[in-house]
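Enquirer: My structure is stored as upload.pdb, with PDB, C-alpha atoms.
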MODEL        1
ATOM      1  CA  MET A   1      92.638  65.165  98.919
ATOM      2  CA  ILE A   2      94.133  65.445 102.395
ATOM      3  CA  ARG A   3      96.934  67.982 102.184
ATOM      4  CA  LEU A   4      99.447  66.260 104.462
ATOM      5  CA  ARG A   5     101.161  63.219 102.979
ATOM      6  CA  ALA A   6     101.880  61.790 106.430
ATOM      7  CA  ILE A   7      98.135  61.612 107.158
ATOM      8  CA  ARG A   8      97.312  60.112 103.762
ATOM      9  CA  ARG A   9      99.859  57.351 104.262
ATOM     10  CA  GLY A  10      99.217  56.782 107.976
ATOM     11  CA  ARG A  11     102.009  56.700 110.497
ATOM     12  CA  GLY A  12     103.013  53.555 112.312
ATOM     13  CA  LEU A  13     102.089  49.902 111.912
ATOM     14  CA  LYS A  14      98.842  50.188 113.893
ATOM     15  CA  ALA A  15      97.538  53.075 111.798
ATOM     16  CA  ARG A  16      98.323  51.238 108.579
ATOM     17  CA  LEU A  17      96.688  47.992 109.739
ATOM     18  CA  VAL A  18      93.591  49.809 110.996
ATOM     19  CA  GLY A  19      93.538  51.770 107.756
ATOM     20  CA  ARG A  20      93.458  48.537 105.759
ATOM     21  CA  ALA A  21      90.645  47.183 107.944
ATOM     22  CA  LEU A  22      88.654  50.398 107.496
ATOM     23  CA  ARG A  23      89.041  50.200 103.735
ATOM     24  CA  ILE A  24      87.278  46.846 103.921
ATOM     25  CA  VAL A  25      84.570  48.118 106.293
ATOM     26  CA  TYR A  26      83.940  51.198 104.176
ATOM     27  CA  ARG A  27      84.332  49.299 100.898
ATOM     28  CA  GLY A  28      86.908  51.755  99.680
ATOM     29  CA  ASP A  29      88.959  54.443 101.286
ATOM     30  CA  ALA A  30      88.528  55.095 105.025
ATOM     31  CA  PRO A  31      86.705  58.338 105.914
ATOM     32  CA  GLY A  32      89.123  61.252 105.755
ATOM     33  CA  PHE A  33      88.466  62.438 109.276
ATOM     34  CA  VAL A  34      89.144  58.955 110.631
ATOM     35  CA  LYS A  35      92.579  59.120 109.013
ATOM     36  CA  VAL A  36      93.126  62.495 110.681
ATOM     37  CA  LEU A  37      92.108  61.115 114.082
ATOM     38  CA  MET A  38      94.416  58.138 113.669
ATOM     39  CA  PHE A  39      97.359  60.402 112.863
ATOM     40  CA  ARG A  40      99.074  61.214 116.160
ATOM     41  CA  PRO A  41      96.083  60.101 118.243
ATOM     42  CA  GLY A  42      97.647  61.332 121.474
ATOM     43  CA  LEU A  43      97.438  64.908 120.243
ATOM     44  CA  LEU A  44      93.930  64.897 118.767
ATOM     45  CA  GLY A  45      92.126  61.626 118.118
ATOM     46  CA  THR A  46      92.054  60.202 121.623
ATOM     47  CA  PRO A  47      91.303  63.348 123.672
ATOM     48  CA  LEU A  48      88.830  64.676 121.087
ATOM     49  CA  GLY A  49      87.088  61.303 120.940
ATOM     50  CA  ARG A  50      86.798  61.100 124.718
ATOM     51  CA  TYR A  51      85.438  64.640 124.889
ATOM     52  CA  GLY A  52      83.081  64.027 121.965
ATOM     53  CA  ASP A  53      81.734  60.838 123.480
ATOM     54  CA  VAL A  54      80.493  62.491 126.657
ATOM     55  CA  VAL A  55      79.253  65.549 124.736
ATOM     56  CA  MET A  56      77.300  63.559 122.157
ATOM     57  CA  ARG A  57      76.468  60.352 124.005
ATOM     58  CA  GLY A  58      76.574  61.070 127.741
ATOM     59  CA  PRO A  59      73.470  61.610 129.896
ATOM     60  CA  GLY A  60      72.060  65.045 129.188
ATOM     61  CA  HIS A  61      69.095  67.313 128.654
ATOM     62  CA  TRP A  62      69.132  66.807 124.892
ATOM     63  CA  ALA A  63      68.583  63.523 123.081
ATOM     64  CA  ILE A  64      71.414  62.102 120.989
ATOM     65  CA  GLY A  65      69.714  63.073 117.746
ATOM     66  CA  GLU A  66      69.217  66.631 118.963
ATOM     67  CA  ARG A  67      72.899  67.019 119.841
ATOM     68  CA  GLU A  68      73.834  65.617 116.453
ATOM     69  CA  LEU A  69      71.443  68.121 114.897
ATOM     70  CA  PHE A  70      73.283  70.993 116.608
ATOM     71  CA  GLY A  71      76.538  69.619 115.226
ATOM     72  CA  ALA A  72      75.063  69.317 111.740
ATOM     73  CA  ALA A  73      73.723  72.890 111.882
ATOM     74  CA  VAL A  74      77.127  74.259 112.912
ATOM     75  CA  SER A  75      78.793  72.210 110.185
ATOM     76  CA  SER A  76      76.356  73.641 107.674
ATOM     77  CA  ALA A  77      77.171  77.156 108.871
ATOM     78  CA  ASN A  78      80.867  76.376 108.394
ATOM     79  CA  ALA A  79      80.240  74.652 105.044
ATOM     80  CA  CYS A  80      82.082  71.497 106.128
ATOM     81  CA  GLY A  81      80.701  68.963 103.681
ATOM     82  CA  TYR A  82      82.168  65.959 105.484
ATOM     83  CA  CYS A  83      80.617  66.844 108.856
ATOM     84  CA  VAL A  84      77.293  67.995 107.397
ATOM     85  CA  GLY A  85      76.964  64.665 105.635
ATOM     86  CA  VAL A  86      77.752  62.465 108.625
ATOM     87  CA  HIS A  87      76.007  64.390 111.393
ATOM     88  CA  SER A  88      72.911  65.164 109.318
ATOM     89  CA  ARG A  89      72.626  61.446 108.634
ATOM     90  CA  ILE A  90      72.819  60.593 112.345
ATOM     91  CA  ALA A  91      70.314  63.313 113.238
ATOM     92  CA  ALA A  92      67.957  62.140 110.509
ATOM     93  CA  ASP A  93      68.264  58.529 111.646
ATOM     94  CA  CYS A  94      67.269  59.647 115.159
ATOM     95  CA  LEU A  95      64.788  62.461 114.505
ATOM     96  CA  GLY A  96      63.588  61.903 110.954
ATOM     97  CA  ASP A  97      64.469  63.641 107.708
ATOM     98  CA  PRO A  98      61.869  66.459 107.981
ATOM     99  CA  VAL A  99      63.495  67.932 111.110
ATOM    100  CA  VAL A 100      66.941  67.852 109.511
ATOM    101  CA  ASP A 101      65.584  69.296 106.280
ATOM    102  CA  ALA A 102      64.054  72.175 108.235
ATOM    103  CA  LEU A 103      66.874  73.007 110.627
ATOM    104  CA  VAL A 104      69.997  72.053 108.713
ATOM    105  CA  HIS A 105      69.095  72.332 105.048
ATOM    106  CA  GLY A 106      66.416  75.053 105.382
ATOM    107  CA  THR A 107      64.002  73.208 103.147
ATOM    108  CA  GLY A 108      61.066  72.659 105.483
ATOM    109  CA  ASP A 109      59.370  73.922 108.602
ATOM    110  CA  GLU A 110      58.806  70.820 110.719
ATOM    111  CA  ALA A 111      60.633  71.566 113.975
ATOM    112  CA  GLU A 112      59.807  71.713 117.643
ATOM    113  CA  PRO A 113      60.174  75.297 119.028
ATOM    114  CA  ALA A 114      62.911  74.593 121.594
ATOM    115  CA  LEU A 115      64.981  72.719 119.036
ATOM    116  CA  SER A 116      64.516  75.446 116.475
ATOM    117  CA  ALA A 117      65.521  78.165 118.969
ATOM    118  CA  MET A 118      68.626  76.249 120.011
ATOM    119  CA  VAL A 119      69.702  75.672 116.410
ATOM    120  CA  THR A 120      69.253  79.352 115.635
ATOM    121  CA  PHE A 121      71.477  80.198 118.586
ATOM    122  CA  VAL A 122      74.314  77.799 117.722
ATOM    123  CA  ARG A 123      74.303  79.056 114.138
ATOM    124  CA  ARG A 124      74.698  82.628 115.374
ATOM    125  CA  LEU A 125      77.331  81.495 117.852
ATOM    126  CA  SER A 126      79.223  79.974 114.954
ATOM    127  CA  ALA A 127      78.950  82.918 112.590
ATOM    128  CA  ALA A 128      79.350  85.907 114.906
ATOM    129  CA  PRO A 129      80.140  85.003 118.514
ATOM    130  CA  ASP A 130      81.265  88.489 119.440
ATOM    131  CA  ALA A 131      77.958  89.963 118.293
ATOM    132  CA  LEU A 132      75.890  87.908 120.722
ATOM    133  CA  THR A 133      74.404  89.520 123.815
ATOM    134  CA  ALA A 134      72.388  88.228 126.739
ATOM    135  CA  ALA A 135      69.277  89.153 124.740
ATOM    136  CA  ASP A 136      70.112  86.247 122.445
ATOM    137  CA  LEU A 137      69.412  83.903 125.342
ATOM    138  CA  GLU A 138      65.858  85.172 125.808
ATOM    139  CA  PRO A 139      64.282  83.006 123.070
ATOM    140  CA  LEU A 140      65.996  79.983 124.598
ATOM    141  CA  ARG A 141      64.697  80.694 128.076
ATOM    142  CA  ALA A 142      61.244  81.464 126.694
ATOM    143  CA  ALA A 143      61.320  78.004 125.101
ATOM    144  CA  GLY A 144      62.069  76.468 128.506
ATOM    145  CA  ILE A 145      65.730  75.670 127.875
ATOM    146  CA  SER A 146      67.788  75.713 131.071
ATOM    147  CA  ASP A 147      71.275  77.186 131.395
ATOM    148  CA  ASP A 148      72.770  73.709 131.676
ATOM    149  CA  ALA A 149      70.967  72.615 128.516
ATOM    150  CA  ILE A 150      72.373  75.674 126.743
ATOM    151  CA  ARG A 151      75.851  74.636 127.895
ATOM    152  CA  GLU A 152      75.309  71.129 126.567
ATOM    153  CA  ALA A 153      74.286  72.430 123.177
ATOM    154  CA  ALA A 154      77.256  74.801 123.160
ATOM    155  CA  HIS A 155      79.623  71.888 123.720
ATOM    156  CA  ALA A 156      78.042  69.931 120.847
ATOM    157  CA  ALA A 157      78.553  73.035 118.722
ATOM    158  CA  ALA A 158      82.124  73.522 119.937
ATOM    159  CA  LEU A 159      83.019  69.928 119.095
ATOM    160  CA  LEU A 160      82.006  70.519 115.501
ATOM    161  CA  GLU A 161      83.614  73.968 115.352
ATOM    162  CA  ILE A 162      86.867  72.134 116.007
ATOM    163  CA  ALA A 163      86.222  69.208 113.659
ATOM    164  CA  ASN A 164      84.965  71.449 110.820
ATOM    165  CA  ARG A 165      88.136  73.517 110.873
ATOM    166  CA  VAL A 166      90.464  70.544 111.035
ATOM    167  CA  ASN A 167      88.657  68.888 108.117
ATOM    168  CA  SER A 168      88.419  71.967 105.949
ATOM    169  CA  ALA A 169      91.977  73.126 106.583
ATOM    170  CA  LEU A 170      93.476  69.694 105.949
ATOM    171  CA  GLY A 171      91.413  69.047 102.818
ATOM    172  CA  VAL A 172      89.130  66.270 104.086
ATOM    173  CA  GLU A 173      86.441  65.777 101.459
ATOM    174  CA  ALA A 174      82.742  65.022 101.862
ATOM    175  CA  MET A 175      81.667  61.417 101.441
ATOM    176  CA  ASP A 176      78.908  60.105  99.227
ATOM    177  CA  PRO A 177      75.548  59.128 100.832
ATOM    178  CA  ALA A 178      76.631  55.517 101.276
ATOM    179  CA  GLY A 179      79.788  56.620 103.086
ATOM    180  CA  ASN A 180      77.772  58.945 105.293
ATOM    181  CA  ARG A 181      75.401  56.099 106.160
ATOM    182  CA  ARG A 182      78.254  53.793 107.123
ATOM    183  CA  ALA A 183      79.992  56.446 109.226
ATOM    184  CA  ALA A 184      76.714  57.441 110.889
ATOM    185  CA  ALA A 185      75.910  53.835 111.739
ATOM    186  CA  MET A 186      79.394  53.377 113.189
ATOM    187  CA  LEU A 187      79.124  56.503 115.362
ATOM    188  CA  LEU A 188      75.656  55.535 116.568
ATOM    189  CA  ARG A 189      76.766  52.012 117.412
ATOM    190  CA  ARG A 190      80.181  52.699 118.921
ATOM    191  CA  GLY A 191      80.158  56.351 119.955
ATOM    192  CA  TYR A 192      83.055  58.740 119.588
ATOM    193  CA  ASP A 193      85.610  57.251 121.974
ATOM    194  CA  LEU A 194      87.281  54.947 119.497
TER     195      LEU A 194
ATOM    196  CA  MET B   1      64.104  67.825 124.155
ATOM    197  CA  GLY B   2      64.912  64.220 125.038
ATOM    198  CA  ALA B   3      63.524  62.006 127.758
ATOM    199  CA  ALA B   4      64.614  63.336 131.136
ATOM    200  CA  PRO B   5      67.633  61.450 132.514
ATOM    201  CA  LEU B   6      68.450  61.375 136.216
ATOM    202  CA  ASP B   7      69.707  64.730 137.489
ATOM    203  CA  ASP B   8      72.733  63.180 139.179
ATOM    204  CA  ASP B   9      73.746  61.468 135.950
ATOM    205  CA  VAL B  10      73.454  64.719 134.005
ATOM    206  CA  THR B  11      75.478  66.628 136.593
ATOM    207  CA  ALA B  12      78.184  63.978 136.601
ATOM    208  CA  ALA B  13      78.294  63.952 132.793
ATOM    209  CA  ALA B  14      78.685  67.731 132.683
ATOM    210  CA  ALA B  15      81.590  67.563 135.110
ATOM    211  CA  LEU B  16      83.196  64.774 133.078
ATOM    212  CA  ARG B  17      82.654  66.765 129.876
ATOM    213  CA  ASP B  18      84.398  69.810 131.360
ATOM    214  CA  ARG B  19      87.328  67.670 132.564
ATOM    215  CA  ARG B  20      87.696  66.051 129.167
ATOM    216  CA  PHE B  21      87.711  69.409 127.439
ATOM    217  CA  LYS B  22      90.539  70.490 129.727
ATOM    218  CA  ASP B  23      92.305  67.211 128.926
ATOM    219  CA  LEU B  24      91.950  67.993 125.220
ATOM    220  CA  VAL B  25      93.450  71.442 125.681
ATOM    221  CA  ALA B  26      96.279  69.978 127.741
ATOM    222  CA  ALA B  27      97.046  67.343 125.083
ATOM    223  CA  VAL B  28      97.149  69.907 122.297
ATOM    224  CA  VAL B  29      99.237  72.428 124.239
ATOM    225  CA  HIS B  30     101.489  70.247 126.364
ATOM    226  CA  GLY B  31     101.472  66.836 124.654
ATOM    227  CA  PRO B  32     104.454  65.615 122.640
ATOM    228  CA  GLY B  33     104.911  67.772 119.568
ATOM    229  CA  VAL B  34     107.321  69.588 117.331
ATOM    230  CA  LEU B  35     106.056  73.087 117.996
ATOM    231  CA  PRO B  36     107.070  74.429 121.408
ATOM    232  CA  SER B  37     104.254  74.407 123.957
ATOM    233  CA  THR B  38     104.455  78.185 124.125
ATOM    234  CA  VAL B  39     103.665  78.382 120.409
ATOM    235  CA  ARG B  40     100.785  75.924 120.647
ATOM    236  CA  GLU B  41      99.438  77.826 123.651
ATOM    237  CA  SER B  42      99.615  81.096 121.724
ATOM    238  CA  LEU B  43      97.531  79.483 118.990
ATOM    239  CA  VAL B  44      94.956  78.150 121.450
ATOM    240  CA  VAL B  45      94.507  81.425 123.307
ATOM    241  CA  GLY B  46      94.555  83.452 120.096
ATOM    242  CA  SER B  47      97.644  85.556 120.782
ATOM    243  CA  ALA B  48     100.273  86.230 118.121
ATOM    244  CA  PRO B  49     101.843  83.020 116.760
ATOM    245  CA  PRO B  50     105.146  82.988 114.852
ATOM    246  CA  ALA B  51     104.851  84.946 111.617
ATOM    247  CA  ALA B  52     105.215  81.899 109.387
ATOM    248  CA  LEU B  53     102.178  80.276 111.024
ATOM    249  CA  ALA B  54     100.013  83.372 111.310
ATOM    250  CA  ASP B  55      98.267  83.217 107.923
ATOM    251  CA  LEU B  56      97.442  79.536 108.234
ATOM    252  CA  ALA B  57      96.192  79.996 111.796
ATOM    253  CA  ALA B  58      94.022  82.955 110.793
ATOM    254  CA  LYS B  59      92.417  80.986 107.976
ATOM    255  CA  VAL B  60      91.704  78.076 110.299
ATOM    256  CA  ALA B  61      90.167  80.473 112.807
ATOM    257  CA  GLY B  62      87.956  81.790 110.030
ATOM    258  CA  GLY B  63      86.542  78.351 109.369
ATOM    259  CA  GLY B  64      89.300  76.579 107.465
ATOM    260  CA  LEU B  65      87.693  76.658 104.029
ATOM    261  CA  ALA B  66      90.068  79.367 102.819
ATOM    262  CA  VAL B  67      93.167  77.244 103.479
ATOM    263  CA  THR B  68      94.910  76.253 100.249
ATOM    264  CA  ASP B  69      97.713  73.933  99.258
ATOM    265  CA  GLU B  70      99.823  77.065  98.847
ATOM    266  CA  ASP B  71      99.251  78.040 102.496
ATOM    267  CA  VAL B  72     100.539  74.660 103.609
ATOM    268  CA  ALA B  73     103.443  74.862 101.165
ATOM    269  CA  ALA B  74     104.364  78.278 102.566
ATOM    270  CA  VAL B  75     104.612  76.892 106.112
ATOM    271  CA  LEU B  76     106.658  73.950 104.885
ATOM    272  CA  GLY B  77     108.842  76.335 102.903
ATOM    273  CA  ALA B  78     109.524  78.315 106.063
ATOM    274  CA  GLY B  79     111.235  75.279 107.517
ATOM    275  CA  TYR B  80     108.385  73.648 109.392
ATOM    276  CA  GLY B  81     107.404  70.034 108.773
ATOM    277  CA  GLU B  82     104.028  68.391 108.274
ATOM    278  CA  ASP B  83     103.723  67.690 111.990
ATOM    279  CA  ALA B  84     104.000  71.404 112.693
ATOM    280  CA  VAL B  85     101.290  72.144 110.136
ATOM    281  CA  PHE B  86      99.077  69.568 111.806
ATOM    282  CA  GLU B  87      99.689  71.009 115.272
ATOM    283  CA  CYS B  88      99.020  74.539 114.042
ATOM    284  CA  VAL B  89      95.717  73.512 112.447
ATOM    285  CA  VAL B  90      94.577  71.550 115.496
ATOM    286  CA  ALA B  91      95.507  74.308 117.958
ATOM    287  CA  ALA B  92      93.808  77.040 115.921
ATOM    288  CA  ALA B  93      90.704  74.887 115.486
ATOM    289  CA  LEU B  94      90.585  74.192 119.206
ATOM    290  CA  ALA B  95      90.834  77.928 119.851
ATOM    291  CA  ALA B  96      87.659  78.509 117.836
ATOM    292  CA  GLY B  97      85.717  75.977 119.883
ATOM    293  CA  ALA B  98      87.063  77.262 123.186
ATOM    294  CA  ALA B  99      86.250  80.861 122.284
ATOM    295  CA  ARG B 100      82.623  79.972 121.659
ATOM    296  CA  LEU B 101      82.349  78.147 124.968
ATOM    297  CA  ARG B 102      83.717  81.256 126.697
ATOM    298  CA  THR B 103      81.163  83.379 124.856
ATOM    299  CA  VAL B 104      78.311  81.226 126.132
ATOM    300  CA  GLU B 105      79.602  81.387 129.699
ATOM    301  CA  ARG B 106      79.875  85.185 129.402
ATOM    302  CA  LEU B 107      76.296  85.446 128.188
ATOM    303  CA  LEU B 108      74.990  83.148 130.901
ATOM    304  CA  ALA B 109      76.764  85.220 133.552
ATOM    305  CA  GLU B 110      75.147  88.465 132.407
ATOM    306  CA  PRO B 111      71.995  89.601 134.201
ATOM    307  CA  SER B 112      68.887  88.589 132.281
TER     308      SER B 112
ENDMDL
END
Show me, as structure tokens, the structure contained in the file I just sent.
Expert:
Amino acid sequence: MIRLRAIRRGRGLKARLVGRALRIVYRGDAPGFVKVLMFRPGLLGTPLGRYGDVVMRGPGHWAIGERELFGAAVSSANACGYCVGVHSRIAADCLGDPVVDALVHGTGDEAEPALSAMVTFVRRLSAAPDALTAADLEPLRAAGISDDAIREAAHAAALLEIANRVNSALGVEAMDPAGNRRAAAMLLRRGYDL
Amino acid sequence: MGAAPLDDDVTAAAALRDRRFKDLVAAVVHGPGVLPSTVRESLVVGSAPPAALADLAAKVAGGGLAVTDEDVAAVLGAGYGEDAVFECVVAAALAAGAARLRTVERLLAEPS
């Protein structure tokens, strides 16, 4: 359960009306992170959504599904059940389940080398950023990944580093598969700038 | 990797992304809030926050999973409200993302 009562209840008429609408859309309670984003949107929801939209949906070197895969891998490293569920679902919808199984869940080996190298890097960046050296970039460059593409992947990772911590610290719980599917479909259709 | 988009579009998107990240930092540090901007800035840059927020901020920096109801209750018990808890969590979470972006820029700047 979300630890802050003010977020659970929603603040302001707009938040409460949108919350009611989302309960209908999601056939139950609105996703926990959506409630967090709607709480004081000027501080977090709006600027994070605008940043996330260009990171995950803007023109770039990586496809949408690949960026979502980086986010899912970081979320897995941080054990954020909510974000793993949603972003794995989006990545799987875009890239197929075998790639997500291999690079997020570690239960397969079907992955393209550049994608695999980038996922390995963002996982290490998540777990031990201070331990990284320039040598950690060599596998990326050997796989043909440009510096700008590395930056793009790092921003996808950073977005989820932020979201994972907010969710875990505030007590946002993972959704069931149906909830993940609905949230994934919403994010694919509408993007992050809500 | 995905189908190649136009270089100009990618360059423009990267510039927009960097601006929006700065906008996010500005909103968290300088937007309306109950914690003074100096406190929120200390949380974002990772310098010493007020003692009553330090444990919560450290647990958020470590990933957030270790945060408990008791941690939140301790901050509330120190005289802060729920808005302050929220701001502390958001600022410390943002710090973790920003630190990793700085790490990548440091690595990219090193001779290969």
Enquirer: To verify the selection step, state as a PyMOL selection string which residues the PyMOL selection byres ((chain A) within 7 of (chain B)) yields on this input.
Expert: chain A and resi 3-4+43-44+47-48+50-51+54-55+58-63+78+125+129+133-134+154-155+158-159+161-162+165-166+168-169
Enquirer: Residues as selected, C-alpha atoms, written as a PDB file, in the frame of the given file, can you do that?
Expert:
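again.pdb, written as the output of this step:
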ATOM      1  CA  ARG A   3      96.934  67.982 102.184  1.00  0.00           C
ATOM      2  CA  LEU A   4      99.447  66.260 104.462  1.00  0.00           C
ATOM      3  CA  LEU A  43      97.438  64.908 120.243  1.00  0.00           C
ATOM      4  CA  LEU A  44      93.930  64.897 118.767  1.00  0.00           C
ATOM      5  CA  PRO A  47      91.303  63.348 123.672  1.00  0.00           C
ATOM      6  CA  LEU A  48      88.830  64.676 121.087  1.00  0.00           C
ATOM      7  CA  ARG A  50      86.798  61.100 124.718  1.00  0.00           C
ATOM      8  CA  TYR A  51      85.438  64.640 124.889  1.00  0.00           C
ATOM      9  CA  VAL A  54      80.493  62.491 126.657  1.00  0.00           C
ATOM     10  CA  VAL A  55      79.253  65.549 124.736  1.00  0.00           C
ATOM     11  CA  GLY A  58      76.574  61.070 127.741  1.00  0.00           C
ATOM     12  CA  PRO A  59      73.470  61.610 129.896  1.00  0.00           C
ATOM     13  CA  GLY A  60      72.060  65.045 129.188  1.00  0.00           C
ATOM     14  CA  HIS A  61      69.095  67.313 128.654  1.00  0.00           C
ATOM     15  CA  TRP A  62      69.132  66.807 124.892  1.00  0.00           C
ATOM     16  CA  ALA A  63      68.583  63.523 123.081  1.00  0.00           C
ATOM     17  CA  ASN A  78      80.867  76.376 108.394  1.00  0.00           C
ATOM     18  CA  LEU A 125      77.331  81.495 117.852  1.00  0.00           C
ATOM     19  CA  PRO A 129      80.140  85.003 118.514  1.00  0.00           C
ATOM     20  CA  THR A 133      74.404  89.520 123.815  1.00  0.00           C
ATOM     21  CA  ALA A 134      72.388  88.228 126.739  1.00  0.00           C
ATOM     22  CA  ALA A 154      77.256  74.801 123.160  1.00  0.00           C
ATOM     23  CA  HIS A 155      79.623  71.888 123.720  1.00  0.00           C
ATOM     24  CA  ALA A 158      82.124  73.522 119.937  1.00  0.00           C
ATOM     25  CA  LEU A 159      83.019  69.928 119.095  1.00  0.00           C
ATOM     26  CA  GLU A 161      83.614  73.968 115.352  1.00  0.00           C
ATOM     27  CA  ILE A 162      86.867  72.134 116.007  1.00  0.00           C
ATOM     28  CA  ARG A 165      88.136  73.517 110.873  1.00  0.00           C
ATOM     29  CA  VAL A 166      90.464  70.544 111.035  1.00  0.00           C
ATOM     30  CA  SER A 168      88.419  71.967 105.949  1.00  0.00           C
ATOM     31  CA  ALA A 169      91.977  73.126 106.583  1.00  0.00           C
TER      32      ALA A 169
END
Enquirer: When you count only C-alpha atoms, which of these residues is closest to B:Val34: B:Glu70, B:Pro49, B:Leu76, B:Ala84?
Expert: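 Selected residue with least distance to B:Val34: B:Ala84.
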Enquirer: What's the separation between atom CA of A:Pro139 and atom CA of A:Leu115, in Å to one decimal place?
Expert: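 Those two atoms sit 11.1 Å apart.
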Enquirer: Quick one: of A:Ala114, A:Ala149, A:Ala15, A:Ile2, who's nearest to A:Gly45, counting all atoms listed in the file?
Expert: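 When distances to A:Gly45 are compared using all atoms listed in the file, the smallest one comes from A:Ala15.
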Enquirer: Report the distance between atom CA of A:Pro31 and atom CA of A:Asn180 in Å, rounded to one decimal place.
Expert: 9.0 Å
Enquirer: Kindly resolve the PyMOL selection byres ((chain A and resi 9) around 12) on the present coordinates and return the residues as a PDB file with C-alpha atoms, in the frame of the given file.
Expert:
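As written to disk, result_11.pdb reads:
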ATOM      1  CA  MET A   1      92.638  65.165  98.919  1.00  0.00           C
ATOM      2  CA  ILE A   2      94.133  65.445 102.395  1.00  0.00           C
ATOM      3  CA  ARG A   3      96.934  67.982 102.184  1.00  0.00           C
ATOM      4  CA  LEU A   4      99.447  66.260 104.462  1.00  0.00           C
ATOM      5  CA  ARG A   5     101.161  63.219 102.979  1.00  0.00           C
ATOM      6  CA  ALA A   6     101.880  61.790 106.430  1.00  0.00           C
ATOM      7  CA  ILE A   7      98.135  61.612 107.158  1.00  0.00           C
ATOM      8  CA  ARG A   8      97.312  60.112 103.762  1.00  0.00           C
ATOM      9  CA  GLY A  10      99.217  56.782 107.976  1.00  0.00           C
ATOM     10  CA  ARG A  11     102.009  56.700 110.497  1.00  0.00           C
ATOM     11  CA  GLY A  12     103.013  53.555 112.312  1.00  0.00           C
ATOM     12  CA  LEU A  13     102.089  49.902 111.912  1.00  0.00           C
ATOM     13  CA  ALA A  15      97.538  53.075 111.798  1.00  0.00           C
ATOM     14  CA  ARG A  16      98.323  51.238 108.579  1.00  0.00           C
ATOM     15  CA  LEU A  17      96.688  47.992 109.739  1.00  0.00           C
ATOM     16  CA  VAL A  18      93.591  49.809 110.996  1.00  0.00           C
ATOM     17  CA  GLY A  19      93.538  51.770 107.756  1.00  0.00           C
ATOM     18  CA  ARG A  20      93.458  48.537 105.759  1.00  0.00           C
ATOM     19  CA  ASP A  29      88.959  54.443 101.286  1.00  0.00           C
ATOM     20  CA  ALA A  30      88.528  55.095 105.025  1.00  0.00           C
ATOM     21  CA  GLY A  32      89.123  61.252 105.755  1.00  0.00           C
ATOM     22  CA  LYS A  35      92.579  59.120 109.013  1.00  0.00           C
ATOM     23  CA  VAL A  36      93.126  62.495 110.681  1.00  0.00           C
ATOM     24  CA  MET A  38      94.416  58.138 113.669  1.00  0.00           C
ATOM     25  CA  PHE A  39      97.359  60.402 112.863  1.00  0.00           C
TER      26      PHE A  39
END
Enquirer: Exactly which residues make up the result of the PyMOL selection byres ((chain A and resi 113) around 10) on this file, given as a list in words?
Expert: Glu110, Ala111, Glu112, Ala114, Leu115, Ser116, Ala117, Met118, Val119, Pro139, Leu140, Ala142, Ala143 and Gly144 of chain A; Met1 of chain B
Enquirer: Extract, using only C-alpha atoms, all DNA, RNA and protein residues at most 7 Å from A:Ala174, discarding same-chain residues fewer than 6 positions from it, and format them as a list of chain:residue names.
Expert: A:Gly81, A:Tyr82, A:Gly85
Enquirer: Which residue out of A:Gly42, A:Cys83, A:Ile64, A:Arg23 has the minimum interatomic distance to A:Met175 when all atoms listed in the file are used?
Expert: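 The answer is A:Cys83, which sits nearest to A:Met175.
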Enquirer: Show me, as number ranges by chain, the residues that have an atom within 9 Å of A:Val99 when counting only C-alpha atoms, minus same-chain residues fewer than 3 positions from it.
Expert: A: 69, 91-92, 95-96, 102-104, 108-112
Enquirer: Go ahead and dump the residues you just picked, C-alpha atoms, as a PDB file, keeping the file's coordinate frame.
Expert:
ATOM      1  CA  LEU A  69      71.443  68.121 114.897  1.00  0.00           C
ATOM      2  CA  ALA A  91      70.314  63.313 113.238  1.00  0.00           C
ATOM      3  CA  ALA A  92      67.957  62.140 110.509  1.00  0.00           C
ATOM      4  CA  LEU A  95      64.788  62.461 114.505  1.00  0.00           C
ATOM      5  CA  GLY A  96      63.588  61.903 110.954  1.00  0.00           C
ATOM      6  CA  ALA A 102      64.054  72.175 108.235  1.00  0.00           C
ATOM      7  CA  LEU A 103      66.874  73.007 110.627  1.00  0.00           C
ATOM      8  CA  VAL A 104      69.997  72.053 108.713  1.00  0.00           C
ATOM      9  CA  GLY A 108      61.066  72.659 105.483  1.00  0.00           C
ATOM     10  CA  ASP A 109      59.370  73.922 108.602  1.00  0.00           C
ATOM     11  CA  GLU A 110      58.806  70.820 110.719  1.00  0.00           C
ATOM     12  CA  ALA A 111      60.633  71.566 113.975  1.00  0.00           C
ATOM     13  CA  GLU A 112      59.807  71.713 117.643  1.00  0.00           C
TER      14      GLU A 112
END
Enquirer: Could you jot down the atom CA of B:Val45 to atom CA of A:Glu173 separation for me, Å, one decimal place?
Expert: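 Going from atom CA of B:Val45 over to atom CA of A:Glu173 covers 28.1 Å.
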Enquirer: Would you compute an axis-aligned box for stretch 3-22 of chain B, covering every atom listed for it in the file with 6 Å of margin on each side, and report centre and edge lengths in Å to one decimal as JSON?
Expert:
{"center_x": 77.0, "center_y": 65.9, "center_z": 133.3, "size_x": 39.0, "size_y": 21.1, "size_z": 23.7}
Enquirer: In the coordinate frame of the file, compute which residues have an atom within 12 Å of (107.4, 84.2, 113.2) when using only C-alpha atoms, and state them as an mmCIF file with C-alpha atoms, in the coordinates of the input.
Expert:
data_model
loop_
_atom_site.group_PDB
_atom_site.id
_atom_site.type_symbol
_atom_site.label_atom_id
_atom_site.label_comp_id
_atom_site.auth_asym_id
_atom_site.auth_seq_id
_atom_site.Cartn_x
_atom_site.Cartn_y
_atom_site.Cartn_z
ATOM 1 C CA VAL B 39 103.665 78.382 120.409
ATOM 2 C CA SER B 42 99.615 81.096 121.724
ATOM 3 C CA ALA B 48 100.273 86.230 118.121
ATOM 4 C CA PRO B 49 101.843 83.020 116.760
ATOM 5 C CA PRO B 50 105.146 82.988 114.852
ATOM 6 C CA ALA B 51 104.851 84.946 111.617
ATOM 7 C CA ALA B 52 105.215 81.899 109.387
ATOM 8 C CA LEU B 53 102.178 80.276 111.024
ATOM 9 C CA ALA B 54 100.013 83.372 111.310
ATOM 10 C CA ASP B 55 98.267 83.217 107.923
ATOM 11 C CA VAL B 75 104.612 76.892 106.112
ATOM 12 C CA ALA B 78 109.524 78.315 106.063
ATOM 13 C CA GLY B 79 111.235 75.279 107.517
ATOM 14 C CA TYR B 80 108.385 73.648 109.392
#
